[in-house]
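Visitor: Sending over coords.tsv (TSV, C-alpha atoms).
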```tsv
chain	number	residue	atom	x	y	z
A	1	MET	CA	0.00	0.00	0.00
A	2	SER	CA	1.31	3.45	-0.90
A	3	GLN	CA	2.26	6.02	1.68
A	4	ALA	CA	-0.63	8.21	0.54
A	5	LYS	CA	-3.12	5.43	1.16
A	6	ARG	CA	-1.65	4.61	4.55
A	7	LYS	CA	-2.20	8.15	5.80
A	8	LYS	CA	-5.27	8.48	7.93
A	9	ASN	CA	-7.86	10.80	6.45
A	10	LYS	CA	-8.85	13.82	8.52
A	11	SER	CA	-12.26	13.71	10.14
A	12	ARG	CA	-14.97	15.89	8.65
A	13	ILE	CA	-14.98	18.05	11.78
A	14	VAL	CA	-11.24	18.72	11.54
A	15	VAL	CA	-11.54	19.52	7.83
A	16	TRP	CA	-14.32	22.05	8.45
A	17	LEU	CA	-12.60	23.62	11.48
A	18	GLU	CA	-9.39	24.12	9.53
A	19	TYR	CA	-11.35	25.57	6.64
A	20	PHE	CA	-13.30	27.89	8.95
A	21	PHE	CA	-10.22	29.51	10.47
A	22	PHE	CA	-8.43	29.53	7.11
A	23	SER	CA	-11.37	31.35	5.53
A	24	ILE	CA	-11.38	33.99	8.29
A	25	LEU	CA	-7.66	34.60	7.78
A	26	CYS	CA	-8.12	34.81	4.01
A	27	ARG	CA	-10.89	37.38	4.42
A	28	ILE	CA	-8.68	39.54	6.64
A	29	LEU	CA	-5.84	39.32	4.12
A	30	GLU	CA	-8.18	40.24	1.28
A	31	LEU	CA	-9.17	43.47	3.05
A	32	LEU	CA	-5.62	44.59	3.87
A	33	PRO	CA	-3.21	46.34	1.48
A	34	MET	CA	-0.67	43.94	-0.03
A	35	ARG	CA	2.29	44.89	2.13
A	36	ARG	CA	0.28	44.72	5.34
A	37	ALA	CA	-1.25	41.39	4.34
A	38	SER	CA	2.21	40.03	3.62
A	39	ALA	CA	3.56	41.29	6.95
A	40	LEU	CA	0.64	39.82	8.89
A	41	ALA	CA	0.86	36.40	7.24
A	42	ALA	CA	4.65	36.31	7.62
A	43	GLY	CA	4.36	37.25	11.30
A	44	LEU	CA	1.83	34.48	11.96
A	45	THR	CA	3.95	31.79	10.31
A	46	ARG	CA	7.05	32.98	12.18
A	47	LEU	CA	5.07	32.47	15.39
A	48	LEU	CA	4.09	29.05	14.09
A	49	PHE	CA	7.80	28.18	14.04
A	50	TYR	CA	7.80	28.26	17.85
A	51	ALA	CA	4.53	26.33	18.15
A	52	ASP	CA	5.17	23.60	15.57
A	53	LEU	CA	8.43	22.31	17.01
A	54	ARG	CA	8.44	19.18	14.89
A	55	HIS	CA	8.68	21.10	11.61
A	56	ALA	CA	10.82	23.82	13.19
A	57	ARG	CA	13.48	21.31	14.27
A	58	ARG	CA	13.29	19.57	10.93
A	59	THR	CA	13.78	22.85	9.05
A	60	VAL	CA	16.86	23.77	11.10
A	61	ARG	CA	18.38	20.32	10.61
A	62	HIS	CA	17.74	20.36	6.88
A	63	ILE	CA	19.45	23.75	6.51
A	64	MET	CA	22.50	22.44	8.37
A	65	TYR	CA	22.45	19.10	6.59
A	66	ALA	CA	22.50	20.83	3.19
A	67	GLY	CA	25.57	22.80	4.28
A	68	VAL	CA	23.87	26.16	3.81
A	69	GLU	CA	24.58	27.09	7.45
A	70	SER	CA	26.90	25.25	9.85
A	71	ASP	CA	26.10	27.28	12.98
A	72	PRO	CA	22.86	26.13	14.71
A	73	ARG	CA	21.90	29.68	15.72
A	74	LYS	CA	22.30	31.01	12.18
A	75	ALA	CA	20.42	28.00	10.85
A	76	LYS	CA	17.58	28.69	13.29
A	77	LYS	CA	17.46	32.36	12.21
A	78	MET	CA	17.22	31.28	8.57
A	79	ALA	CA	14.53	28.74	9.44
A	80	VAL	CA	12.38	31.41	11.11
A	81	ALA	CA	12.79	33.63	8.05
A	82	SER	CA	11.87	30.70	5.80
A	83	PHE	CA	8.65	30.17	7.76
A	84	GLY	CA	7.90	33.86	7.20
A	85	GLU	CA	8.40	33.47	3.44
A	86	PHE	CA	5.79	30.71	3.43
A	87	GLY	CA	3.36	33.09	5.13
A	88	LYS	CA	3.98	35.66	2.40
A	89	LEU	CA	3.06	32.97	-0.13
A	90	LEU	CA	-0.34	32.56	1.55
A	91	ALA	CA	-0.97	36.30	1.41
A	92	GLU	CA	0.00	36.35	-2.28
A	93	ILE	CA	-2.33	33.47	-3.10
A	94	VAL	CA	-5.24	35.31	-1.45
A	95	LYS	CA	-4.36	38.65	-3.04
A	96	MET	CA	-3.64	37.29	-6.51
A	97	PRO	CA	-7.04	38.27	-8.04
A	98	GLN	CA	-6.41	41.84	-6.85
A	99	MET	CA	-2.69	42.17	-7.52
A	100	TYR	CA	-1.65	39.93	-10.39
A	101	SER	CA	-0.15	41.53	-13.48
A	102	LEU	CA	2.54	40.16	-15.76
A	103	ASP	CA	4.23	43.58	-15.45
A	104	ARG	CA	5.13	42.58	-11.87
A	105	VAL	CA	7.23	39.64	-13.10
A	106	ARG	CA	10.72	39.92	-14.57
A	107	ILE	CA	12.79	37.27	-16.34
A	108	SER	CA	16.31	36.11	-15.47
A	109	ALA	CA	17.66	33.39	-17.74
A	110	PRO	CA	20.77	32.28	-19.64
A	111	GLU	CA	20.88	33.33	-23.28
A	112	ASN	CA	20.24	29.82	-24.61
A	113	THR	CA	17.18	29.52	-22.37
A	114	LEU	CA	15.85	32.86	-23.61
A	115	ASP	CA	16.29	31.57	-27.15
A	116	ILE	CA	13.70	28.90	-26.30
A	117	ILE	CA	11.18	30.68	-24.06
A	118	SER	CA	11.17	34.28	-25.31
A	119	PRO	CA	8.33	35.13	-27.73
A	120	GLU	CA	10.57	37.79	-29.30
A	121	ARG	CA	13.45	35.38	-29.96
A	122	ASN	CA	11.38	32.31	-30.72
A	123	PRO	CA	8.10	33.19	-32.48
A	124	GLY	CA	7.45	29.49	-33.17
A	125	SER	CA	6.77	26.71	-30.70
A	126	ARG	CA	7.80	27.45	-27.11
A	127	GLN	CA	6.76	24.11	-25.67
A	128	ILE	CA	8.99	23.08	-22.76
A	129	ILE	CA	8.98	20.89	-19.67
A	130	LEU	CA	9.44	23.05	-16.56
A	131	ALA	CA	11.11	21.34	-13.58
A	132	VAL	CA	10.36	23.63	-10.65
A	133	ALA	CA	10.91	23.79	-6.88
A	134	HIS	CA	8.73	24.78	-3.91
A	135	TYR	CA	10.42	28.15	-3.83
A	136	GLY	CA	9.20	31.73	-3.50
A	137	ASN	CA	5.77	31.80	-5.14
A	138	TRP	CA	5.41	28.62	-7.16
A	139	GLU	CA	1.61	28.95	-7.08
A	140	MET	CA	1.54	32.08	-9.25
A	141	ALA	CA	4.21	30.93	-11.66
A	142	GLY	CA	2.02	28.76	-13.89
A	143	THR	CA	-0.45	31.47	-14.81
A	144	ALA	CA	2.26	34.09	-15.36
A	145	PHE	CA	4.58	31.92	-17.41
A	146	ALA	CA	1.75	30.70	-19.66
A	147	GLU	CA	0.83	34.33	-20.29
A	148	TYR	CA	4.45	35.33	-20.91
A	149	THR	CA	5.07	32.65	-23.52
A	150	GLY	CA	1.58	32.66	-25.01
A	151	THR	CA	1.53	28.86	-24.63
A	152	PRO	CA	-1.02	27.13	-22.34
A	153	MET	CA	0.34	25.12	-19.45
A	154	SER	CA	-0.57	21.91	-17.60
A	155	SER	CA	0.81	21.40	-14.08
A	156	LEU	CA	1.08	18.10	-12.28
A	157	MET	CA	-0.06	18.59	-8.67
A	158	ARG	CA	-0.45	16.64	-5.44
A	159	PRO	CA	-3.91	16.73	-3.78
A	160	PHE	CA	-4.21	18.89	-0.66
A	161	GLY	CA	-4.56	17.29	2.76
A	162	ASN	CA	-7.66	19.44	3.33
A	163	PRO	CA	-9.80	19.37	0.15
A	164	LEU	CA	-11.78	22.49	1.11
A	165	ILE	CA	-8.63	24.55	1.61
A	166	GLY	CA	-7.22	23.05	-1.56
A	167	LYS	CA	-10.28	24.06	-3.57
A	168	LYS	CA	-10.05	27.64	-2.28
A	169	ILE	CA	-6.34	27.90	-3.11
A	170	LEU	CA	-6.70	26.33	-6.55
A	171	SER	CA	-9.49	28.72	-7.46
A	172	ASN	CA	-6.79	31.42	-7.62
A	173	ARG	CA	-4.22	29.19	-9.28
A	174	GLY	CA	-5.80	27.63	-12.35
A	175	GLY	CA	-7.52	29.12	-15.37
A	176	LYS	CA	-8.06	28.73	-19.09
A	177	SER	CA	-4.34	29.00	-19.80
A	178	HIS	CA	-3.25	26.91	-16.78
A	179	GLU	CA	-4.68	23.43	-16.35
A	180	LEU	CA	-4.12	21.48	-13.10
A	181	ILE	CA	-3.72	17.69	-13.24
A	182	ASP	CA	-3.94	15.45	-10.16
A	183	LYS	CA	-0.80	13.30	-10.01
A	184	ASN	CA	-2.94	10.32	-8.94
A	185	GLN	CA	-4.39	10.23	-12.47
A	186	GLY	CA	-1.05	8.99	-13.77
A	187	LEU	CA	0.83	10.07	-16.88
A	188	ARG	CA	-1.98	9.76	-19.41
A	189	PRO	CA	-3.45	13.29	-18.88
A	190	ILE	CA	0.07	14.76	-18.97
A	191	LEU	CA	0.88	12.93	-22.21
A	192	ARG	CA	-2.38	14.19	-23.71
A	193	ALA	CA	-1.53	17.77	-22.68
A	194	MET	CA	1.96	17.39	-24.11
A	195	ASN	CA	0.54	16.17	-27.43
A	196	GLU	CA	-1.71	19.25	-27.48
A	197	GLY	CA	1.38	21.46	-27.45
A	198	ARG	CA	1.02	22.64	-23.83
A	199	ILE	CA	3.89	23.47	-21.48
A	200	ILE	CA	4.27	20.80	-18.80
A	201	THR	CA	5.23	21.78	-15.23
A	202	VAL	CA	6.34	19.35	-12.51
A	203	LEU	CA	7.39	20.17	-8.93
A	204	VAL	CA	10.35	17.83	-8.43
A	205	ASP	CA	12.23	18.93	-5.32
A	206	GLN	CA	10.47	16.89	-2.61
A	207	HIS	CA	11.08	13.23	-1.75
A	208	ALA	CA	9.56	10.86	-4.32
A	209	MET	CA	8.15	7.40	-3.64
A	210	SER	CA	10.28	4.49	-4.85
A	211	GLY	CA	8.18	3.94	-7.98
A	212	GLU	CA	8.12	7.64	-8.88
A	213	GLY	CA	11.72	8.73	-8.48
A	214	VAL	CA	15.37	8.05	-9.16
A	215	GLU	CA	18.24	8.44	-6.71
A	216	VAL	CA	20.48	11.45	-7.40
A	217	GLU	CA	22.78	13.73	-5.43
A	218	PHE	CA	21.15	16.92	-4.16
A	219	PHE	CA	23.01	19.40	-1.93
A	220	GLY	CA	25.73	16.76	-1.57
A	221	HIS	CA	23.44	13.98	-0.31
A	222	PRO	CA	21.40	11.17	-1.86
A	223	ALA	CA	17.83	12.14	-2.72
A	224	ARG	CA	15.04	10.42	-4.63
A	225	MET	CA	13.82	13.00	-7.14
A	226	HIS	CA	10.76	12.71	-9.38
A	227	MET	CA	11.65	11.23	-12.77
A	228	THR	CA	8.53	12.42	-14.65
A	229	PRO	CA	10.37	15.24	-16.50
A	230	ALA	CA	13.03	12.77	-17.66
A	231	LEU	CA	10.43	10.28	-18.90
A	232	LEU	CA	8.54	13.00	-20.79
A	233	HIS	CA	11.75	14.34	-22.30
A	234	LEU	CA	12.89	10.92	-23.51
A	235	LYS	CA	9.49	10.33	-25.08
A	236	SER	CA	9.16	13.73	-26.77
A	237	GLY	CA	12.54	15.42	-27.04
A	238	ILE	CA	10.98	18.59	-25.58
A	239	PRO	CA	13.67	20.50	-23.63
A	240	ILE	CA	13.57	20.59	-19.83
A	241	ILE	CA	14.19	23.93	-18.12
A	242	PRO	CA	14.67	24.15	-14.32
A	243	GLU	CA	13.04	27.22	-12.73
A	244	VAL	CA	12.30	28.96	-9.44
A	245	THR	CA	10.03	31.97	-8.86
A	246	ARG	CA	11.88	34.37	-6.56
A	247	ARG	CA	10.03	36.95	-4.46
A	248	VAL	CA	11.58	40.33	-5.21
A	249	SER	CA	9.51	42.41	-2.75
A	250	ASP	CA	6.49	42.17	-0.46
A	251	ASP	CA	4.44	44.15	-2.98
A	252	PHE	CA	3.67	41.21	-5.31
A	253	GLU	CA	6.84	41.49	-7.41
A	254	PHE	CA	8.65	38.39	-8.66
A	255	GLU	CA	11.45	37.12	-10.83
A	256	PHE	CA	11.39	33.95	-12.93
A	257	VAL	CA	14.90	32.53	-12.52
A	258	PHE	CA	15.73	29.85	-15.09
A	259	GLY	CA	18.58	27.40	-15.35
A	260	GLU	CA	20.25	25.98	-18.43
A	261	PRO	CA	18.02	24.01	-20.82
A	262	ILE	CA	18.46	20.25	-20.64
A	263	VAL	CA	18.46	18.28	-23.87
A	264	HIS	CA	19.63	14.68	-23.66
A	265	LYS	CA	20.39	12.33	-26.54
A	266	PRO	CA	19.11	8.83	-25.63
A	267	THR	CA	21.84	6.22	-25.34
A	268	GLY	CA	19.65	3.13	-25.45
A	269	ASP	CA	20.12	2.59	-21.72
A	270	LYS	CA	16.84	4.08	-20.46
A	271	LYS	CA	17.65	3.67	-16.79
A	272	ARG	CA	20.96	5.47	-17.23
A	273	ASP	CA	19.35	8.20	-19.34
A	274	ILE	CA	16.69	8.86	-16.68
A	275	TYR	CA	19.38	9.12	-14.01
A	276	GLU	CA	21.58	11.51	-16.01
A	277	ILE	CA	18.67	13.81	-16.91
A	278	THR	CA	17.34	13.89	-13.35
A	279	GLN	CA	20.82	14.54	-11.93
A	280	ARG	CA	21.19	17.53	-14.24
A	281	ILE	CA	17.83	18.84	-13.02
A	282	ALA	CA	18.97	18.41	-9.40
A	283	ASP	CA	22.24	20.26	-10.09
A	284	GLU	CA	20.49	23.17	-11.80
A	285	LEU	CA	17.82	23.53	-9.09
A	286	GLU	CA	20.42	23.37	-6.34
A	287	GLU	CA	22.35	26.21	-7.96
A	288	LEU	CA	19.19	28.33	-8.28
A	289	ILE	CA	18.11	27.67	-4.67
A	290	ARG	CA	21.56	28.46	-3.24
A	291	ARG	CA	21.37	32.00	-4.64
A	292	ASP	CA	18.70	32.88	-2.05
A	293	PRO	CA	18.03	29.75	0.06
A	294	VAL	CA	15.67	31.38	2.57
A	295	GLN	CA	12.82	31.25	0.02
A	296	TRP	CA	12.98	27.46	-0.38
A	297	LEU	CA	10.50	25.29	1.52
A	298	TRP	CA	12.96	23.48	3.81
A	299	ALA	CA	10.62	21.52	6.10
A	300	PRO	CA	9.55	18.62	3.80
A	301	ARG	CA	11.74	15.56	3.45
A	302	HIS	CA	14.26	15.95	0.62
A	303	TRP	CA	16.98	13.37	1.33
A	304	LEU	CA	17.26	9.63	1.80
A	305	SER	CA	20.13	9.55	4.28
A	306	ILE	CA	19.20	12.18	6.83
A	307	GLU	CA	17.46	9.69	9.14
A	308	ARG	CA	20.19	7.02	9.00
A	309	ARG	CA	22.75	6.55	11.73
A	310	ASN	CA	25.49	5.71	9.24
A	311	CYS	CA	25.18	9.10	7.56
A	312	ALA	CA	28.58	10.87	7.62
A	313	SER	CA	27.16	14.08	9.09
A	314	TYR	CA	24.62	12.45	11.42
A	315	ALA	CA	26.29	13.84	14.55
A	316	ASP	CA	26.03	17.37	13.15
A	317	TRP	CA	22.37	17.45	12.25
A	318	LYS	CA	20.99	15.59	15.27
A	319	ARG	CA	22.64	17.73	17.92
A	320	PRO	CA	20.30	19.96	19.95
A	321	VAL	CA	19.36	23.32	18.48
A	322	PHE	CA	16.38	24.04	20.73
A	323	GLY	CA	17.60	24.60	24.25
A	324	ASN	CA	18.49	21.46	26.23
A	325	GLU	CA	16.52	18.86	24.29
A	326	SER	CA	18.18	15.47	24.05
A	327	ALA	CA	19.48	14.01	20.80
A	328	GLU	CA	17.17	11.03	21.30
A	329	HIS	CA	14.14	13.32	21.50
A	330	ALA	CA	15.27	15.21	18.42
A	331	GLU	CA	15.61	11.95	16.54
A	332	LYS	CA	12.05	10.91	17.45
A	333	GLU	CA	10.73	14.27	16.26
A	334	GLU	CA	12.52	13.85	12.92
A	335	ARG	CA	10.87	10.49	12.37
```
What would the structure in this file look like if it were written as structure tokens?
Guide:
Amino acid sequence: MSQAKRKKNKSRIVVWLEYFFFSILCRILELLPMRRASALAAGLTRLLFYADLRHARRTVRHIMYAGVESDPRKAKKMAVASFGEFGKLLAEIVKMPQMYSLDRVRISAPENTLDIISPERNPGSRQIILAVAHYGNWEMAGTAFAEYTGTPMSSLMRPFGNPLIGKKILSNRGGKSHELIDKNQGLRPILRAMNEGRIITVLVDQHAMSGEGVEVEFFGHPARMHMTPALLHLKSGIPIIPEVTRRVSDDFEFEFVFGEPIVHKPTGDKKRDIYEITQRIADELEELIRRDPVQWLWAPRHWLSIERRNCASYADWKRPVFGNESAEHAEKEER
């Protein structure tokens, strides 16, 4: 049985309670000016850092494990800031109908990437496979990039834990130019969208199940990254472009930051080809994230070895970073 199926579904009461308080917060954010809404949401999620110790500890450890910060205090400071960035994302999702304009998005890309995605440089087909990370404002990126290129997009997405909250968020995310596809439907809808000439977007940075991913090196450690972009590329030859959507200010301003395009010539060894493509995606995304790591979503599981005692840096990441807690307690929280 898959991990998703093993998870216990939330009771109807919990679902409605979460939705009730979420709706109140959304209404408050809707009424506030953008900067104040962003500040309020960021402040609330920074407070959540001190209430949700499980994810707080995990975020600090992940930052240290990736080698972004070696000092626990600096790692904790970055983790608090990262929680705040996630709050800003919530405010931006709520305010998107009021604030969105393509004029608020700028493009940063290598020349050979611009040759593919820019309508001015490439007036023909601009179909690509976007391999993106949970970074900055990934929720807005689909709509804006489809508008920028003039090519409709289909995004592969994971269902929300709370379907009511998910429905509210997705109402501001999708549209005529941006189709959302549940990953549980398999590859068939994605293949159909690809055959229709649509851009395909896949979030690839979080831990993949064994049947969905391939083991690569990410931030210097083994990770199982989603192999869907590699499979689609081998089938179609459509270039893969890694991307993150960086928050430039708290006034709904963003920057699409692209990596180098990935085009791989099949060797006949499909397993090896999938690995090499996915490793190149991992390398490009790591480089983009390292430029401003605070905007990456650090709390989810990204690596295979972080929970293993034989990991080379185990002693570093499991040491206490929250007062006098024991290493054994920290280890239980991580699991």
Visitor: Could you check which residues have any atom within 12 Å of (-5.0, 29.7, -7.9), counting only C-alpha atoms with coordinates taken straight from the file, and then list them as a PyMOL selection string?
Guide: chain A and resi 89-90+92-97+100+137-144+155+165-180
Visitor: Could you check which of A:Ser305, A:Ser38, A:Gln98, A:Asn112 is closest to Ala223 of chain A, using only C-alpha atoms?
Guide: A:Ser305
Visitor: From the set A:His55, A:Lys271, A:Arg291, A:Arg104, which residue has the shortest atom-to-atom contact distance to Gly259 of chain A, counting all atoms listed in the file?
Guide: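 Checking each of A:His55, A:Lys271, A:Arg291, A:Arg104 against Gly259 of chain A, counting all atoms listed in the file, the winner is A:Arg291.
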Visitor: Rounded to one decimal place, report the atom CA of Phe252 of chain A-atom CA of Pro229 of chain A distance in Å.
Guide: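 Between atom CA of Phe252 of chain A and atom CA of Pro229 of chain A the gap is 29.1 Å.
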Visitor: Please return, as a list in words, all polymer residues that have at least one atom within 9 Å of the point (13.8, 31.5, 8.6); use all atoms listed in the file and the file's own coordinate frame.
Guide: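 Output: Arg46, Phe49, Thr59, Val60, Ala75, Lys76, Lys77, Met78, Ala79, Val80, Ala81, Ser82, Phe83, Gly84, Glu85, Val294 and Gln295 of chain A.
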Visitor: I'd like to know which of A:Gly87, A:Pro152, A:Pro119, A:Pro300 is closest to Ala208 of chain A, using all atoms listed in the file.
Guide: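 Comparing A:Gly87, A:Pro152, A:Pro119, A:Pro300 against Ala208 of chain A, the winner is A:Pro300.
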Visitor: Report as CSV the residues of segment 80-194 of chain A within 12 Å of segment 224-227 of chain A, each with its shortest atom pair and distance in Å (one decimal), using only C-alpha atoms, ordered by chain and increasing residue number.
Guide:
```
residue,atom,partner,partner_atom,distance
A:Ala131,CA,A:His226,CA,9.6
A:Val132,CA,A:His226,CA,11.0
A:Ala133,CA,A:Met225,CA,11.2
A:Leu156,CA,A:His226,CA,11.5
A:Lys183,CA,A:His226,CA,11.6
A:Leu187,CA,A:Met227,CA,11.6
```
Visitor: Got time to write the residues from that selection, C-alpha atoms, as an mmCIF file, keeping the file's coordinate frame?
Guide:
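Final output, saved to selection19.cif:
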```
data_model
loop_
_atom_site.group_PDB
_atom_site.id
_atom_site.type_symbol
_atom_site.label_atom_id
_atom_site.label_comp_id
_atom_site.auth_asym_id
_atom_site.auth_seq_id
_atom_site.Cartn_x
_atom_site.Cartn_y
_atom_site.Cartn_z
ATOM 1 C CA ALA A 131 11.110 21.340 -13.580
ATOM 2 C CA VAL A 132 10.360 23.630 -10.650
ATOM 3 C CA ALA A 133 10.910 23.790 -6.880
ATOM 4 C CA LEU A 156 1.080 18.100 -12.280
ATOM 5 C CA LYS A 183 -0.800 13.300 -10.010
ATOM 6 C CA LEU A 187 0.830 10.070 -16.880
#
```
Visitor: Closest to Met157 of chain A among A:Val204, A:Ala37, A:Ile117, A:Ile129, using only C-alpha atoms?
Guide: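 Checking each candidate against Met157 of chain A, we get A:Val204 as the closest.
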Visitor: Hey, can I get the axis-aligned box for segment 142-149 of chain A? All listed atoms, 8 Å padding on each side, centre and edge lengths in Å to one decimal, as AutoDock Vina command-line options.
Guide:
```
--center_x 2.3 --center_y 32.0 --center_z -18.7 --size_x 21.5 --size_y 22.6 --size_z 25.6
```
Visitor: Could you name the residues that touch Glu215 of chain A at 12 Å or less, counting all atoms listed in the file, but leaving out those on the same chain fewer than 2 positions away, as a list in words?
Guide: His207, Ala208, Met209, Ser210, Gly211, Glu212, Gly213, Glu217, Phe218, His221, Pro222, Ala223, Arg224, Met225, His226, Met227, Lys271, Arg272, Ile274, Tyr275, Glu276, Ile277, Thr278, Gln279, Ala282, His302, Trp303, Leu304 and Ser305 of chain A
Visitor: Mind dumping the selected residues with C-alpha atoms as a PDB file, keeping the file's coordinate frame?
Guide:
```pdb
ATOM      1  CA  HIS A 207      11.080  13.230  -1.750  1.00  0.00           C
ATOM      2  CA  ALA A 208       9.560  10.860  -4.320  1.00  0.00           C
ATOM      3  CA  MET A 209       8.150   7.400  -3.640  1.00  0.00           C
ATOM      4  CA  SER A 210      10.280   4.490  -4.850  1.00  0.00           C
ATOM      5  CA  GLY A 211       8.180   3.940  -7.980  1.00  0.00           C
ATOM      6  CA  GLU A 212       8.120   7.640  -8.880  1.00  0.00           C
ATOM      7  CA  GLY A 213      11.720   8.730  -8.480  1.00  0.00           C
ATOM      8  CA  GLU A 217      22.780  13.730  -5.430  1.00  0.00           C
ATOM      9  CA  PHE A 218      21.150  16.920  -4.160  1.00  0.00           C
ATOM     10  CA  HIS A 221      23.440  13.980  -0.310  1.00  0.00           C
ATOM     11  CA  PRO A 222      21.400  11.170  -1.860  1.00  0.00           C
ATOM     12  CA  ALA A 223      17.830  12.140  -2.720  1.00  0.00           C
ATOM     13  CA  ARG A 224      15.040  10.420  -4.630  1.00  0.00           C
ATOM     14  CA  MET A 225      13.820  13.000  -7.140  1.00  0.00           C
ATOM     15  CA  HIS A 226      10.760  12.710  -9.380  1.00  0.00           C
ATOM     16  CA  MET A 227      11.650  11.230 -12.770  1.00  0.00           C
ATOM     17  CA  LYS A 271      17.650   3.670 -16.790  1.00  0.00           C
ATOM     18  CA  ARG A 272      20.960   5.470 -17.230  1.00  0.00           C
ATOM     19  CA  ILE A 274      16.690   8.860 -16.680  1.00  0.00           C
ATOM     20  CA  TYR A 275      19.380   9.120 -14.010  1.00  0.00           C
ATOM     21  CA  GLU A 276      21.580  11.510 -16.010  1.00  0.00           C
ATOM     22  CA  ILE A 277      18.670  13.810 -16.910  1.00  0.00           C
ATOM     23  CA  THR A 278      17.340  13.890 -13.350  1.00  0.00           C
ATOM     24  CA  GLN A 279      20.820  14.540 -11.930  1.00  0.00           C
ATOM     25  CA  ALA A 282      18.970  18.410  -9.400  1.00  0.00           C
ATOM     26  CA  HIS A 302      14.260  15.950   0.620  1.00  0.00           C
ATOM     27  CA  TRP A 303      16.980  13.370   1.330  1.00  0.00           C
ATOM     28  CA  LEU A 304      17.260   9.630   1.800  1.00  0.00           C
ATOM     29  CA  SER A 305      20.130   9.550   4.280  1.00  0.00           C
TER      30      SER A 305
END
```
Visitor: If we count all atoms listed in the file, what is near Arg58 of chain A at a cut-off of 9 Å, once residues fewer than 2 positions away on the same chain are taken out, given as a VMD selection string?
Guide: chain A and resid 53 to 56 60 to 63 298 to 301 330 333 to 334
Visitor: What gap, in Å, lies between atom CA of Lys88 of chain A and atom CA of Ala146 of chain A?
Guide: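 Rounded to one decimal, the two atoms are 22.7 Å apart.
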Visitor: Have a look at atom CA of Val257 of chain A and atom CA of Val68 of chain A and let me know their distance in Å, one decimal.
Guide: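 Going from atom CA of Val257 of chain A over to atom CA of Val68 of chain A, I get 19.7 Å.
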Visitor: Of the candidates A:Leu130, A:Val263, A:Ile241, A:Met64, which one gets nearest to Thr201 of chain A if we count only C-alpha atoms?
Guide: A:Leu130
Visitor: I'd like to know which of A:Pro72, A:Gly186, A:Gly237, A:Pro242 is closest to Asp205 of chain A, using all atoms listed in the file.
Guide: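 Answer, going by the shortest atom-to-atom distance: A:Pro242.
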Visitor: Identify, on the basis of all atoms listed in the file, every residue whose closest approach to Leu234 of chain A does not exceed 9 Å; exclude the query and any residue fewer than 2 positions from it along the same chain; express the result as an mmCIF file with C-alpha atoms, in the frame of the given file.
Guide:
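That gives us selection-v9.cif:
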```cif
data_model
loop_
_atom_site.group_PDB
_atom_site.id
_atom_site.type_symbol
_atom_site.label_atom_id
_atom_site.label_comp_id
_atom_site.auth_asym_id
_atom_site.auth_seq_id
_atom_site.Cartn_x
_atom_site.Cartn_y
_atom_site.Cartn_z
ATOM 1 C CA PRO A 229 10.370 15.240 -16.500
ATOM 2 C CA ALA A 230 13.030 12.770 -17.660
ATOM 3 C CA LEU A 231 10.430 10.280 -18.900
ATOM 4 C CA LEU A 232 8.540 13.000 -20.790
ATOM 5 C CA SER A 236 9.160 13.730 -26.770
ATOM 6 C CA GLY A 237 12.540 15.420 -27.040
ATOM 7 C CA ILE A 238 10.980 18.590 -25.580
ATOM 8 C CA HIS A 264 19.630 14.680 -23.660
ATOM 9 C CA LYS A 265 20.390 12.330 -26.540
ATOM 10 C CA PRO A 266 19.110 8.830 -25.630
ATOM 11 C CA LYS A 270 16.840 4.080 -20.460
ATOM 12 C CA ASP A 273 19.350 8.200 -19.340
ATOM 13 C CA ILE A 274 16.690 8.860 -16.680
#
```
